[in-house]
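*Asks:* Below you'll find final17.tsv; it's TSV, C-alpha atoms and all ligand atoms.
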```
chain	number	residue	atom	x	y	z
A	464	MET	CA	0.99	19.24	9.85
A	465	LYS	CA	0.01	18.82	6.19
A	466	ILE	CA	-0.05	15.24	4.90
A	467	GLY	CA	-0.39	14.01	1.30
A	468	MET	CA	-1.69	10.45	1.06
A	469	ILE	CA	-1.28	8.52	-2.20
A	470	GLY	CA	-3.32	5.31	-2.48
A	471	LEU	CA	-6.57	5.06	-0.52
A	472	GLY	CA	-7.02	1.29	-0.64
A	473	ALA	CA	-7.45	-1.39	2.02
A	474	MET	CA	-4.47	-0.03	3.99
A	475	GLY	CA	-4.16	3.58	2.81
A	476	MET	CA	-7.76	4.53	3.65
A	477	PRO	CA	-7.72	3.57	7.37
A	478	ILE	CA	-4.19	4.99	7.76
A	479	ALA	CA	-5.33	8.31	6.28
A	480	GLN	CA	-8.47	8.25	8.39
A	481	ASN	CA	-6.45	7.87	11.60
A	482	LEU	CA	-4.38	10.90	10.62
A	483	VAL	CA	-7.58	12.91	10.00
A	484	ARG	CA	-8.86	11.85	13.44
A	485	ALA	CA	-5.59	13.12	14.93
A	486	ASP	CA	-6.36	16.58	13.47
A	487	MET	CA	-3.78	16.45	10.69
A	488	GLU	CA	-4.67	18.12	7.42
A	489	VAL	CA	-4.75	15.15	5.02
A	490	SER	CA	-5.05	15.48	1.24
A	491	GLY	CA	-5.74	12.10	-0.34
A	492	TYR	CA	-5.40	10.89	-3.91
A	493	ASP	CA	-6.25	7.60	-5.59
A	494	THR	CA	-6.68	6.74	-9.27
A	495	VAL	CA	-10.08	5.26	-8.37
A	496	LEU	CA	-12.49	8.17	-7.94
A	497	SER	CA	-14.85	6.25	-5.62
A	498	GLN	CA	-11.96	5.85	-3.16
A	499	VAL	CA	-11.37	9.61	-3.16
A	500	GLU	CA	-15.09	10.19	-2.58
A	501	ALA	CA	-15.10	7.68	0.29
A	502	PHE	CA	-12.16	9.56	1.83
A	503	ILE	CA	-14.07	12.87	1.65
A	504	GLN	CA	-16.97	11.19	3.47
A	505	ARG	CA	-14.50	10.18	6.20
A	506	GLY	CA	-13.47	13.80	6.74
A	507	GLY	CA	-10.40	13.99	4.50
A	508	ARG	CA	-9.63	16.41	1.67
A	509	GLY	CA	-10.07	14.50	-1.58
A	510	CYS	CA	-7.91	15.46	-4.56
A	511	GLN	CA	-8.51	15.00	-8.30
A	512	THR	CA	-4.80	14.94	-9.10
A	513	LEU	CA	-1.60	13.63	-7.59
A	514	SER	CA	-0.02	17.08	-7.75
A	515	GLU	CA	-2.91	18.64	-5.77
A	516	ALA	CA	-2.41	16.08	-2.98
A	517	VAL	CA	1.33	16.56	-2.57
A	518	ARG	CA	2.31	20.11	-3.53
A	519	ASP	CA	1.84	21.69	-0.07
A	520	ALA	CA	2.51	18.60	2.05
A	521	ASP	CA	5.13	18.41	4.80
A	522	ILE	CA	4.99	14.60	4.75
A	523	ILE	CA	3.80	12.46	1.84
A	524	LEU	CA	2.74	8.87	2.45
A	525	ALA	CA	2.21	6.21	-0.22
A	526	SER	CA	0.41	2.89	0.10
A	527	LEU	CA	0.45	1.42	-3.39
A	528	PRO	CA	0.18	-2.07	-4.89
A	529	ASN	CA	3.64	-2.83	-6.29
A	530	PRO	CA	7.18	-1.51	-7.02
A	531	GLY	CA	6.43	-0.52	-10.65
A	532	ILE	CA	3.53	1.68	-9.58
A	533	VAL	CA	5.51	3.19	-6.67
A	534	GLU	CA	8.46	4.10	-8.91
A	535	ASN	CA	6.19	5.60	-11.55
A	536	VAL	CA	4.17	7.57	-9.00
A	537	MET	CA	7.36	8.93	-7.42
A	538	THR	CA	9.68	9.58	-10.37
A	539	GLY	CA	7.37	9.60	-13.43
A	540	ALA	CA	6.98	12.73	-15.57
A	541	GLU	CA	4.01	13.97	-13.51
A	542	GLY	CA	5.01	12.12	-10.36
A	543	VAL	CA	5.37	13.20	-6.75
A	544	LEU	CA	8.94	14.45	-7.15
A	545	SER	CA	7.90	16.84	-9.93
A	546	SER	CA	5.22	18.44	-7.72
A	547	CYS	CA	6.29	18.26	-4.08
A	548	ARG	CA	8.19	21.04	-2.38
A	549	LYS	CA	11.87	20.95	-1.53
A	550	GLY	CA	12.53	19.85	2.05
A	551	CYS	CA	9.40	17.72	2.35
A	552	CYS	CA	9.57	14.08	3.30
A	553	ILE	CA	8.18	11.06	1.41
A	554	LEU	CA	7.51	7.84	3.26
A	555	ASP	CA	6.63	4.75	1.23
A	556	LEU	CA	4.46	2.37	3.28
A	557	SER	CA	4.05	-0.10	0.39
A	558	SER	CA	5.80	-3.49	0.26
A	559	VAL	CA	8.43	-3.21	-2.48
A	560	ASP	CA	11.98	-4.47	-3.12
A	561	PRO	CA	14.97	-2.63	-1.57
A	562	GLY	CA	16.39	-1.72	-5.01
A	563	THR	CA	13.31	0.30	-5.96
A	564	SER	CA	13.51	2.34	-2.74
A	565	ARG	CA	17.24	2.96	-3.19
A	566	ARG	CA	16.74	4.28	-6.74
A	567	ILE	CA	13.91	6.60	-5.70
A	568	TYR	CA	15.93	7.77	-2.66
A	569	GLU	CA	18.81	8.88	-4.94
A	570	THR	CA	16.46	10.81	-7.25
A	571	ALA	CA	14.68	12.40	-4.28
A	572	ARG	CA	17.93	13.39	-2.60
A	573	ALA	CA	19.12	15.12	-5.78
A	574	LYS	CA	15.94	17.25	-5.60
A	575	GLY	CA	16.36	18.08	-1.89
A	576	VAL	CA	13.53	15.78	-0.80
A	577	TYR	CA	13.76	13.25	2.06
A	578	TYR	CA	12.75	9.67	1.18
A	579	ALA	CA	12.42	6.51	3.25
A	580	ASP	CA	10.86	3.06	3.04
A	581	ALA	CA	8.48	2.17	5.86
A	582	PRO	CA	6.57	-1.01	5.02
A	583	VAL	CA	3.99	-2.12	7.53
A	584	SER	CA	2.62	-5.30	9.06
A	585	GLY	CA	-0.62	-5.89	10.96
A	586	GLY	CA	-3.13	-5.99	8.14
A	587	VAL	CA	-6.28	-4.00	7.63
A	588	HIS	CA	-7.22	-4.29	11.33
A	589	GLY	CA	-3.82	-3.00	12.43
A	590	ALA	CA	-4.23	-0.08	10.00
A	591	ALA	CA	-7.70	0.70	11.38
A	592	ASP	CA	-6.60	0.42	15.02
A	593	GLY	CA	-3.36	2.38	14.52
A	594	THR	CA	-1.37	-0.60	15.78
A	595	LEU	CA	0.80	-1.40	12.74
A	596	THR	CA	4.35	-2.63	13.04
A	597	ILE	CA	6.43	-0.22	10.96
A	598	MET	CA	9.87	-1.16	9.60
A	599	PHE	CA	11.80	1.98	8.72
A	600	GLY	CA	14.72	2.15	6.29
A	601	GLY	CA	16.34	5.52	5.72
A	602	ASP	CA	18.36	8.36	7.22
A	603	SER	CA	18.12	9.11	10.93
A	604	ASP	CA	17.01	12.72	10.36
A	605	THR	CA	14.13	11.44	8.22
A	606	TRP	CA	13.24	8.96	11.01
A	607	GLN	CA	13.00	11.92	13.44
A	608	MET	CA	10.90	14.00	11.03
A	609	VAL	CA	8.25	11.31	10.56
A	610	GLN	CA	7.84	10.35	14.25
A	611	PRO	CA	4.58	12.37	14.71
A	612	VAL	CA	2.99	10.41	11.86
A	613	LEU	CA	4.42	7.00	12.76
A	614	LYS	CA	3.17	7.32	16.34
A	615	ILE	CA	-0.40	7.80	15.11
A	616	ILE	CA	-0.51	4.95	12.61
A	617	GLY	CA	1.71	2.37	14.31
A	618	LYS	CA	2.46	0.75	17.63
A	619	LYS	CA	5.81	-0.98	17.12
A	620	LEU	CA	8.14	1.38	15.29
A	621	VAL	CA	11.54	-0.03	14.35
A	622	TYR	CA	14.49	1.80	12.82
A	623	VAL	CA	15.95	-1.05	10.78
A	624	GLY	CA	18.80	0.74	9.01
A	625	ASP	CA	19.67	2.43	5.71
A	626	ILE	CA	17.29	2.97	2.83
A	627	GLY	CA	15.82	-0.36	1.63
A	628	SER	CA	16.34	-2.18	4.91
A	629	GLY	CA	12.67	-1.86	5.92
A	630	ASP	CA	11.78	-3.43	2.57
A	631	ALA	CA	14.28	-6.23	3.19
A	632	ILE	CA	12.77	-7.30	6.52
A	633	LYS	CA	9.24	-6.95	5.16
A	634	LEU	CA	10.16	-9.23	2.26
A	635	VAL	CA	11.50	-11.86	4.69
A	636	ASN	CA	8.38	-11.56	6.87
A	637	ASN	CA	6.01	-11.99	3.93
A	638	LEU	CA	7.98	-14.95	2.62
A	639	LEU	CA	7.12	-16.63	5.93
A	640	LEU	CA	3.49	-15.51	5.81
A	641	GLY	CA	3.05	-16.89	2.27
A	642	CYS	CA	4.76	-20.22	3.03
A	643	ASN	CA	2.69	-20.60	6.22
A	644	MET	CA	-0.56	-19.89	4.41
A	645	ALA	CA	0.22	-22.29	1.56
A	646	ALA	CA	0.93	-25.02	4.13
A	647	ILE	CA	-2.25	-24.22	6.11
A	648	ALA	CA	-4.40	-24.51	2.96
A	649	GLU	CA	-3.15	-28.00	2.20
A	650	ALA	CA	-3.12	-29.14	5.84
A	651	LEU	CA	-6.76	-28.13	6.38
A	652	THR	CA	-7.77	-29.88	3.16
A	653	LEU	CA	-6.08	-33.09	4.31
A	654	GLY	CA	-7.82	-32.76	7.69
A	655	ARG	CA	-11.19	-32.45	6.03
A	656	GLN	CA	-10.52	-35.50	3.83
A	657	LEU	CA	-9.70	-37.36	7.07
A	658	GLY	CA	-13.12	-36.42	8.43
A	659	LEU	CA	-12.15	-33.48	10.67
A	660	SER	CA	-14.25	-30.31	10.76
A	661	LEU	CA	-12.64	-26.89	10.40
A	662	GLU	CA	-13.99	-26.07	13.86
A	663	THR	CA	-12.18	-29.04	15.44
A	664	MET	CA	-8.93	-28.16	13.67
A	665	GLU	CA	-9.25	-24.53	14.80
A	666	GLU	CA	-9.84	-25.53	18.40
A	667	ILE	CA	-6.90	-27.94	18.59
A	668	ILE	CA	-4.29	-26.30	16.35
A	669	SER	CA	-4.77	-22.80	17.79
A	670	SER	CA	-3.30	-24.11	21.05
A	671	SER	CA	-0.89	-26.68	19.57
A	672	SER	CA	2.51	-26.70	17.91
A	673	GLY	CA	1.04	-26.25	14.40
A	674	ASN	CA	-0.26	-22.77	15.27
A	675	SER	CA	1.06	-19.63	13.57
A	676	TYR	CA	0.12	-15.98	13.02
A	677	ALA	CA	-1.38	-16.94	9.64
A	678	PHE	CA	-3.50	-19.67	11.24
A	679	THR	CA	-4.79	-17.38	14.01
A	680	ALA	CA	-5.36	-14.40	11.73
A	681	LYS	CA	-7.07	-16.29	8.92
A	682	MET	CA	-9.21	-18.99	10.56
A	683	LYS	CA	-12.00	-17.02	12.22
A	684	PRO	CA	-12.54	-14.17	9.73
A	685	PHE	CA	-12.03	-16.15	6.52
A	686	LEU	CA	-11.57	-19.93	6.61
A	687	LEU	CA	-14.27	-20.89	9.12
A	688	PRO	CA	-17.05	-18.81	7.51
A	689	GLY	CA	-15.69	-19.60	4.01
A	690	GLN	CA	-15.75	-15.92	3.00
A	691	PHE	CA	-12.68	-14.29	1.49
A	692	GLU	CA	-13.62	-10.63	0.93
A	693	GLY	CA	-11.32	-7.94	2.39
A	694	GLY	CA	-8.04	-8.79	4.10
A	695	PHE	CA	-4.74	-9.22	2.25
A	696	ALA	CA	-5.21	-9.85	-1.47
A	697	THR	CA	-3.77	-13.00	-3.06
A	698	ASP	CA	-2.26	-10.77	-5.79
A	699	LEU	CA	-0.30	-8.83	-3.13
A	700	GLN	CA	0.95	-11.98	-1.38
A	701	TYR	CA	1.99	-13.38	-4.76
A	702	LYS	CA	3.84	-10.13	-5.53
A	703	ASP	CA	5.74	-10.38	-2.22
A	704	LEU	CA	6.79	-13.99	-2.91
A	705	MET	CA	7.99	-13.01	-6.38
A	706	LEU	CA	10.02	-10.15	-4.84
A	707	ALA	CA	11.57	-12.66	-2.41
A	708	LEU	CA	12.42	-15.06	-5.24
A	709	GLU	CA	14.04	-12.22	-7.18
A	710	ALA	CA	16.05	-11.20	-4.08
A	711	GLY	CA	17.11	-14.84	-3.67
A	712	ARG	CA	18.23	-14.96	-7.30
A	713	GLU	CA	20.26	-11.75	-6.88
A	714	THR	CA	21.94	-13.02	-3.71
A	715	MET	CA	22.25	-16.69	-4.78
A	716	VAL	CA	20.10	-17.93	-1.88
A	717	PRO	CA	17.98	-20.94	-2.91
A	718	LEU	CA	14.34	-20.55	-1.76
A	719	PRO	CA	12.59	-23.85	-2.56
A	720	MET	CA	9.72	-23.35	-0.06
A	721	THR	CA	9.06	-19.88	-1.46
A	722	ALA	CA	9.08	-21.22	-5.02
A	723	VAL	CA	6.44	-23.85	-4.19
A	724	ALA	CA	4.30	-21.37	-2.22
A	725	SER	CA	4.44	-18.91	-5.13
A	726	GLN	CA	3.03	-21.63	-7.41
A	727	VAL	CA	0.13	-22.21	-4.99
A	728	PHE	CA	-0.79	-18.52	-5.17
A	729	GLU	CA	-0.19	-18.49	-8.95
A	730	ALA	CA	-2.73	-21.31	-9.28
A	731	SER	CA	-5.12	-19.53	-6.92
A	732	ARG	CA	-4.90	-16.38	-9.03
A	733	SER	CA	-5.58	-18.38	-12.18
A	734	MET	CA	-8.82	-19.57	-10.50
A	735	GLY	CA	-9.87	-15.92	-10.25
A	736	ASN	CA	-8.98	-15.41	-6.57
A	737	GLY	CA	-6.45	-12.61	-7.08
A	738	LYS	CA	-8.54	-9.94	-5.32
A	739	LYS	CA	-9.69	-12.26	-2.53
A	740	ASP	CA	-7.88	-12.69	0.78
A	741	MET	CA	-4.78	-14.89	0.43
A	742	SER	CA	-6.40	-17.60	2.58
A	743	SER	CA	-8.66	-18.32	-0.42
A	744	ALA	CA	-5.76	-20.54	-1.57
A	745	ILE	CA	-7.72	-23.29	0.20
A	746	LEU	CA	-10.33	-23.11	-2.60
A	747	LEU	CA	-7.69	-24.52	-4.94
A	748	TRP	CA	-7.29	-27.69	-2.91
A	749	GLU	CA	-11.02	-27.96	-2.29
A	750	LYS	CA	-11.60	-27.88	-6.03
A	751	LEU	CA	-8.99	-30.57	-6.68
A	752	ASN	CA	-10.47	-32.80	-3.96
A	753	LYS	CA	-14.13	-32.54	-4.99
B	801	LIG	P1	-5.07	-1.95	-2.37
B	801	LIG	O1	-5.00	-2.50	-3.74
B	801	LIG	O2	-6.31	-2.15	-1.56
B	801	LIG	O3	-4.77	-0.38	-2.37
B	801	LIG	C1	-3.90	0.23	-3.26
B	801	LIG	C2	-4.57	1.51	-3.74
B	801	LIG	O4	-3.67	2.20	-4.60
B	801	LIG	C3	-5.86	1.26	-4.54
B	801	LIG	O5	-6.93	1.99	-3.98
B	801	LIG	C4	-5.50	1.74	-5.94
B	801	LIG	O6	-6.60	2.27	-6.64
B	801	LIG	C5	-4.44	2.78	-5.63
B	801	LIG	N1	-3.56	3.09	-6.76
B	801	LIG	C6	-3.06	2.24	-7.68
B	801	LIG	N2	-2.28	2.92	-8.56
B	801	LIG	C7	-2.30	4.22	-8.14
B	801	LIG	C8	-1.67	5.40	-8.62
B	801	LIG	N3	-0.89	5.39	-9.71
B	801	LIG	N4	-1.90	6.55	-7.95
B	801	LIG	C9	-2.72	6.59	-6.85
B	801	LIG	N5	-3.32	5.49	-6.36
B	801	LIG	C10	-3.12	4.33	-7.00
B	801	LIG	O7	-3.80	-2.55	-1.60
B	801	LIG	P2	-3.55	-2.57	-0.02
B	801	LIG	O8	-4.01	-3.86	0.53
B	801	LIG	O9	-4.03	-1.30	0.56
B	801	LIG	O10	-1.94	-2.63	0.00
B	801	LIG	C11	-1.15	-1.49	-0.24
B	801	LIG	C12	0.31	-1.85	0.01
B	801	LIG	O11	0.47	-2.27	1.39
B	801	LIG	C13	0.82	-3.03	-0.84
B	801	LIG	O12	2.15	-2.79	-1.21
B	801	LIG	C14	0.69	-4.23	0.09
B	801	LIG	O13	1.58	-5.28	-0.25
B	801	LIG	C15	0.99	-3.60	1.44
B	801	LIG	N6	0.38	-4.27	2.59
B	801	LIG	C16	-0.92	-4.68	2.57
B	801	LIG	C17	-1.47	-5.29	3.70
B	801	LIG	C18	-2.90	-5.79	3.74
B	801	LIG	O14	-3.26	-6.52	4.68
B	801	LIG	N7	-3.75	-5.41	2.80
B	801	LIG	C19	-0.68	-5.46	4.85
B	801	LIG	C20	0.63	-4.99	4.85
B	801	LIG	C21	1.16	-4.38	3.71
```
Taking this structure as input, can you express it in the form of structure tokens?
*Replies:*
Amino acid sequence: MKIGMIGLGAMGMPIAQNLVRADMEVSGYDTVLSQVEAFIQRGGRGCQTLSEAVRDADIILASLPNPGIVENVMTGAEGVLSSCRKGCCILDLSSVDPGTSRRIYETARAKGVYYADAPVSGGVHGAADGTLTIMFGGDSDTWQMVQPVLKIIGKKLVYVGDIGSGDAIKLVNNLLLGCNMAAIAEALTLGRQLGLSLETMEEIISSSSGNSYAFTAKMKPFLLPGQFEGGFATDLQYKDLMLALEAGRETMVPLPMTAVASQVFEASRSMGNGKKDMSSAILLWEKLNK
């Protein structure tokens, strides 16, 4: 099976690599040349242009930073839909808003191309291990077509519903992740001011009622060693909270927790932490409490 992979970043690279390992013919493209070169070193076929990566593909995957980029890459003048072949299938693994996926789906359908949203959860480790949770929104025939790929890159595969419904559940999930992380950053700072070590808090909270996925996933690799490289970028978490706030505005659902959490990540970005893991939000409180 021929795969076109657009976006070879923290998630796209290990996803593409798993497909290469499974003997699929993967053509990868990224606007950053060093990412394309790194993909070639991992056994993939690196492409200089988007069109080269997608024109012969049976299935095209995208793992891109935000809805604006996804829409431009798909429907722009030299985008995927101008180069891919009729009857192929595009699966967007990025976290975007449902409206963006619905618009692209309509354009794709008019060109005889299958399109679905399939955002993922499980982070960089889940991408590397092929154990992602994948939330699929789209037509059932598209769901069947992409099974061979989904089974390689994910472990829990869920057909959520029509186009955009995978995006909807992903948006709700990441609202919770962002709110949890914002609360963890301030809670740990208070603990430290009260004389507790991070190690003590990790030991107790990880088996107490204050535990959460964010706490477990972020303590050992990031918060305990105080290193914030890799992981899930603050900019991306901030983007997801802004998408949730926009969805709340459209549906008249007040989201006060989300609004506060988004301000925490806004402040963290303004400190220069945008590319660091989202748990670097703790640096904000540490700075204020120096
Ligand atoms: P990333 O920034 O590491 O990777 C995105 C890649 O897309 C980069 O390599 C970038 O150069 C490339 N890119 C940007 N514009 C492009 C274009 N026009 N054409 C081709 N390539 C382009 O981000 P990531 O962490 O890999 O996240 C990708 C998506 O997955 C995001 O939507 C994110 O919210 C979502 N996500 C990330 C994680 C995580 O833990 N990192 C987990 C779940 C979901």
*Asks:* Write as a PyMOL selection string the residues around ligand LIG 801 (chain B), taking 6 Å as the cut-off and counting all atoms listed in the file.
*Replies:* chain A and resi 469-475+492-495+526-529+532+536+557-558+583-584+586-587+694-695+699
*Asks:* Which residues of range 565-645 of chain A have any atom within 12 Å of an atom in range 515-525 of chain A when counting all atoms listed in the file, and what is the closest pair of atoms for each, with the distance in Å to one decimal? Order the rows by chain and rising number and write it as a tab-separated table.
*Replies:*
```
residue	atom	partner	partner_atom	distance
A:Val576	CA	A:Ile522	CA	10.3
A:Tyr577	CA	A:Ile522	CA	9.3
A:Tyr578	CA	A:Ile523	CA	9.4
A:Ala579	CA	A:Leu524	CA	10.0
A:Asp580	CA	A:Ala525	CA	9.8
A:Ala581	CA	A:Leu524	CA	9.5
A:Pro582	CA	A:Ala525	CA	9.9
A:Val583	CA	A:Ala525	CA	11.5
A:Thr605	CA	A:Ile522	CA	10.3
A:Trp606	CA	A:Ile522	CA	11.8
A:Met608	CA	A:Ile522	CA	8.6
A:Val609	CA	A:Ile522	CA	7.4
A:Gln610	CA	A:Ile522	CA	10.8
A:Pro611	CA	A:Ile522	CA	10.2
A:Val612	CA	A:Ile522	CA	8.5
A:Leu613	CA	A:Leu524	CA	10.6
A:Ile616	CA	A:Leu524	CA	11.4
```
*Asks:* Do a neighbour search on Asn736 in chain A at 12 Å with only C-alpha atoms, toss out local chain neighbours closer than 6 positions, and write the hits as a PyMOL selection string.
*Replies:* chain A and resi 690-693+695-701+727-730+742-747
*Asks:* For Ser725 in chain A, please output as an MDAnalysis selection string all residues within 10 Å (counting all atoms listed in the file; exclusion window: fewer than 2 positions along the same chain).
*Replies:* chainID A and resid 638 641:642 645 700:705 707:708 719:723 727:731
*Asks:* A:Val716, A:Leu659, A:Ile567, A:Val489: which is nearest Glu534 in chain A, counting all atoms listed in the file?
*Replies:*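 The answer is A:Ile567, which sits nearest to Glu534 in chain A.
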*Asks:* Write out as a list in words each polymer residue whose atoms come within 8 Å of Asn481 in chain A, counting all atoms listed in the file; drop sequence neighbours fewer than 4 positions from it.
*Replies:* Pro477, Ala485, Ala591, Gly593, Ile615 and Ile616 of chain A
*Asks:* Using only C-alpha atoms, collect all residues at a distance of at most 12 Å from (-11.4, -17.9, 8.3) as written in the file, then present them as a count of residues only.
*Replies:* 32
*Asks:* Which of these residues is nearest to Gln498 in chain A, using only C-alpha atoms: A:Leu513, A:Met476, A:Leu554, A:Val483?
*Replies:*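 The shortest atom-to-atom distance to Gln498 in chain A comes from A:Met476.
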